[in-house]
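K.L.:
One file: final_5.pdb (PDB, C-alpha atoms).
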```
ATOM      1  CA  MET A 127     -20.571  -4.097  39.334
ATOM      2  CA  LYS A 128     -16.893  -3.282  39.314
ATOM      3  CA  TRP A 129     -16.239  -6.297  41.521
ATOM      4  CA  SER A 130     -17.679  -8.735  38.985
ATOM      5  CA  TYR A 131     -15.329  -7.442  36.301
ATOM      6  CA  THR A 132     -12.393  -7.595  38.699
ATOM      7  CA  ILE A 133     -13.212 -11.188  39.625
ATOM      8  CA  ARG A 134     -13.612 -12.087  35.944
ATOM      9  CA  SER A 135     -10.186 -10.598  35.190
ATOM     10  CA  LEU A 136      -8.617 -12.468  38.091
ATOM     11  CA  ALA A 137     -10.211 -15.714  36.880
ATOM     12  CA  GLY A 138      -8.728 -15.062  33.442
ATOM     13  CA  ILE A 139      -5.277 -14.527  34.947
ATOM     14  CA  TYR A 140      -5.638 -17.737  36.958
ATOM     15  CA  LEU A 141      -6.644 -19.729  33.862
ATOM     16  CA  LEU A 142      -3.685 -18.342  31.918
ATOM     17  CA  TRP A 143      -1.355 -19.222  34.806
ATOM     18  CA  THR A 144      -2.816 -22.753  34.879
ATOM     19  CA  THR A 145      -2.362 -23.014  31.120
ATOM     20  CA  PHE A 146       1.277 -21.978  31.462
ATOM     21  CA  GLY A 147       1.835 -24.700  34.074
ATOM     22  CA  MET A 148       0.125 -27.318  31.920
ATOM     23  CA  VAL A 149       2.177 -26.404  28.835
ATOM     24  CA  GLN A 150       5.373 -26.533  30.924
ATOM     25  CA  GLY A 151       4.398 -30.041  32.039
ATOM     26  CA  LEU A 152       3.771 -31.064  28.455
ATOM     27  CA  LEU A 153       7.109 -29.680  27.293
ATOM     28  CA  ASP A 154       8.989 -31.333  30.185
ATOM     29  CA  GLY A 155       7.441 -34.670  29.300
ATOM     30  CA  THR A 156       5.707 -35.192  32.658
ATOM     31  CA  ALA A 157       2.278 -35.159  31.001
ATOM     32  CA  SER A 158       1.806 -36.231  27.441
ATOM     33  CA  THR A 159      -1.821 -37.119  26.823
ATOM     34  CA  GLN A 160      -3.972 -35.536  24.144
ATOM     35  CA  TRP A 161      -6.475 -34.519  26.840
ATOM     36  CA  PHE A 162      -3.813 -32.460  28.522
ATOM     37  CA  TRP A 163      -3.226 -30.574  25.261
ATOM     38  CA  LEU A 164      -6.954 -30.125  24.755
ATOM     39  CA  PHE A 165      -7.493 -28.717  28.252
ATOM     40  CA  SER A 166      -4.433 -26.491  27.953
ATOM     41  CA  ILE A 167      -5.842 -24.918  24.816
ATOM     42  CA  PHE A 168      -9.333 -24.627  26.323
ATOM     43  CA  PHE A 169      -8.050 -23.008  29.552
ATOM     44  CA  GLY A 170      -5.851 -20.634  27.549
ATOM     45  CA  VAL A 171      -8.716 -19.478  25.325
ATOM     46  CA  MET A 172     -11.108 -19.065  28.265
ATOM     47  CA  GLY A 173      -8.420 -17.207  30.222
ATOM     48  CA  VAL A 174      -7.911 -14.719  27.406
ATOM     49  CA  ILE A 175     -11.681 -14.219  27.008
ATOM     50  CA  PHE A 176     -12.224 -13.697  30.753
ATOM     51  CA  LEU A 177      -9.301 -11.299  31.024
ATOM     52  CA  TYR A 178     -10.382  -9.306  27.965
ATOM     53  CA  THR A 179     -14.060  -8.982  28.940
ATOM     54  CA  GLY A 180     -13.177  -8.186  32.552
ATOM     55  CA  MET A 181     -10.750  -5.416  31.634
ATOM     56  CA  LYS A 182     -13.089  -4.017  28.979
ATOM     57  CA  GLY A 183     -16.053  -3.904  31.392
ATOM     58  CA  TRP A 184     -13.955  -2.360  34.140
ATOM     59  CA  ALA A 185     -12.714   0.345  31.750
ATOM     60  CA  LYS A 186     -16.293   1.029  30.621
ATOM     61  CA  ILE A 187     -17.482   1.561  34.200
ATOM     62  CA  ASN A 188     -14.544   3.866  34.950
ATOM     63  CA  LYS A 189     -15.329   5.895  31.826
ATOM     64  CA  GLU A 190     -19.010   6.244  32.812
ATOM     65  CA  GLU A 191     -18.061   7.348  36.336
ATOM     66  CA  LYS A 192     -15.703   9.995  34.971
ATOM     67  CA  GLU A 193     -18.400  11.276  32.596
ATOM     68  CA  GLN A 194     -20.883  11.541  35.472
ATOM     69  CA  GLN A 195     -18.358  13.426  37.584
ATOM     70  CA  ALA A 196     -17.591  15.815  34.715
ATOM     71  CA  LYS A 197     -21.307  16.438  34.157
ATOM     72  CA  ALA A 198     -21.835  17.157  37.847
ATOM     73  CA  MET A 199     -18.898  19.585  37.834
ATOM     74  CA  GLU A 200     -20.311  21.413  34.796
ATOM     75  CA  GLU A 201     -23.726  21.727  36.467
ATOM     76  CA  ALA A 202     -22.109  23.043  39.650
ATOM     77  CA  LYS A 203     -20.095  25.616  37.677
ATOM     78  CA  ALA A 204     -23.230  26.733  35.819
ATOM     79  CA  LYS A 205     -25.153  27.204  39.082
ATOM     80  CA  LYS A 206     -22.240  29.062  40.626
ATOM     81  CA  SER A 207     -21.960  31.421  37.658
ATOM     82  CA  GLN A 208     -25.727  32.070  37.785
ATOM     83  CA  LEU A 209     -25.514  32.876  41.484
ATOM     84  CA  LEU A 210     -22.588  35.204  40.934
ATOM     85  CA  ALA A 211     -24.475  36.951  38.131
ATOM     86  CA  GLY A 212     -27.439  37.477  40.452
ATOM     87  CA  GLN A 213     -29.810  35.219  38.605
ATOM     88  CA  HIS A 214     -32.273  32.975  40.381
ATOM     89  CA  VAL A 215     -31.343  29.316  40.244
ATOM     90  CA  GLU A 216     -34.330  27.042  39.876
ATOM     91  CA  GLU A 217     -34.421  24.226  42.360
ATOM     92  CA  ILE A 218     -35.465  20.853  41.081
ATOM     93  CA  PRO A 219     -38.489  19.782  43.107
ATOM     94  CA  GLU A 220     -38.093  16.511  44.901
ATOM     95  CA  GLU A 221     -40.611  13.817  44.192
ATOM     96  CA  PRO A 222     -42.884  13.258  47.177
ATOM     97  CA  GLU A 223     -42.786   9.906  48.848
ATOM     98  CA  GLU A 224     -45.791   7.681  48.477
ATOM     99  CA  MET A 225     -48.307   8.215  51.239
ATOM    100  CA  ASN A 226     -50.320   5.556  52.926
ATOM    101  CA  GLU A 227     -54.084   5.887  53.496
ATOM    102  CA  THR A 228     -53.848   7.457  56.954
ATOM    103  CA  GLU A 229     -51.498  10.188  55.742
ATOM    104  CA  GLU A 230     -53.783  10.953  52.785
ATOM    105  CA  SER A 231     -56.870  11.152  54.976
ATOM    106  CA  GLN A 232     -55.091  13.345  57.515
ATOM    107  CA  GLU A 233     -53.928  15.613  54.717
ATOM    108  CA  VAL A 234     -57.524  16.043  53.527
ATOM    109  CA  GLY A 235     -58.618  16.846  57.058
ATOM    110  CA  GLU A 236     -60.446  13.630  57.923
ATOM    111  CA  GLU A 237     -59.544  11.415  60.788
ATOM    112  CA  PRO A 238     -59.020   7.732  59.971
ATOM    113  CA  ALA A 239     -61.441   6.754  62.731
ATOM    114  CA  GLU A 240     -64.212   8.881  61.208
ATOM    115  CA  GLU A 241     -63.694   7.164  57.889
ATOM    116  CA  GLU A 242     -64.052   3.724  59.495
ATOM    117  CA  ASP A 243     -67.227   4.800  61.370
ATOM    118  CA  ARG A 244     -68.753   6.014  58.116
ATOM    119  CA  ASP A 245     -67.974   2.663  56.446
ATOM    120  CA  GLU A 246     -69.566   0.774  59.338
ATOM    121  CA  ASP A 247     -72.711   2.947  59.123
ATOM    122  CA  LEU A 248     -73.046   2.228  55.414
ATOM    123  CA  ASN A 249     -72.721  -1.514  56.015
ATOM    124  CA  GLN A 250     -75.388  -1.436  58.741
ATOM    125  CA  ASP A 251     -77.860   0.420  56.482
ATOM    126  CA  LYS A 252     -77.759  -2.363  53.919
TER
END
```
Would you put the structure from the file into structure tokens?

P.N.:
Amino acid sequence: MKWSYTIRSLAGIYLLWTTFGMVQGLLDGTASTQWFWLFSIFFGVMGVIFLYTGMKGWAKINKEEKEQQAKAMEEAKAKKSQLLAGQHVEEIPEEPEEMNETEESQEVGEEPAEEEDRDEDLNQDK
């Protein structure tokens, strides 16, 4: 996500640089059409918008990362102080991964082959 904001900022800088070159050409007299003025203004405005939104987004992500790091440090300090005080620290249980049918049947104590045989027997009775 940081890369998109960096690229947006770089695009804004490029548009501003292009605008500067176009305005220099207009002032030197090498280009003097109204379209050149129009595109210079358009590129300048878009360059400012891209640069502003890119820098703002990049700063927002940096701020969120710092807040997450600070929160993790506080949690680590709290656990450390609990351990030093002799208190039991509760572990957060991990969520089990999803099991497929063979794992579930093996956990119950049935073999997958027995389950298939039972299904075949039921189909033959009908």

K.L.:
Using only C-alpha atoms, find the one residue out of A:Ala157, A:Ala198, A:Ala185, A:Leu152 that sits nearest to Ser135 (chain A).

P.N.:
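Ranked by minimum distance to Ser135 (chain A), first place goes to A:Ala185.
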
K.L.:
Give me, please, the distance in Å between CA of Phe169 (chain A) and CA of Asn188 (chain A), quoted to one decimal.

P.N.:
28.2 Å

K.L.:
Can you translate the PyMOL selection byres ((chain A and resi 177) around 9) into the concrete residues it hits in this file, as a list in words?

P.N.:
Tyr131, Arg134, Ser135, Leu136, Ala137, Gly138, Ile139, Met172, Gly173, Val174, Ile175, Phe176, Tyr178, Thr179, Gly180, Met181 and Lys182 of chain A

K.L.:
So what do you get for CA of Leu164 (chain A) versus CA of Ser130 (chain A), distance-wise?

P.N.:
27.8 Å

K.L.:
Quick one: pull the distance between CA of Gly147 (chain A) and CA of Phe165 (chain A), Å, one decimal.

P.N.:
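The value is 11.7 Å.
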
K.L.:
Nearest to Thr132 (chain A): which of A:Ala202, A:Thr156, A:Ile187, A:Ala211 is it, counting only C-alpha atoms?

P.N.:
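Using only C-alpha atoms, Thr132 (chain A) sits closest to A:Ile187.
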
K.L.:
Each side padded by 3 Å, which centre and which edge lengths in Å (one decimal) define the axis-aligned box around the listed atoms of region 182-187 of chain A? Give them as lines of an AutoDock Vina configuration file.

P.N.:
```
center_x = -15.1
center_y = -1.2
center_z = 31.6
size_x = 10.8
size_y = 11.6
size_z = 11.2
```
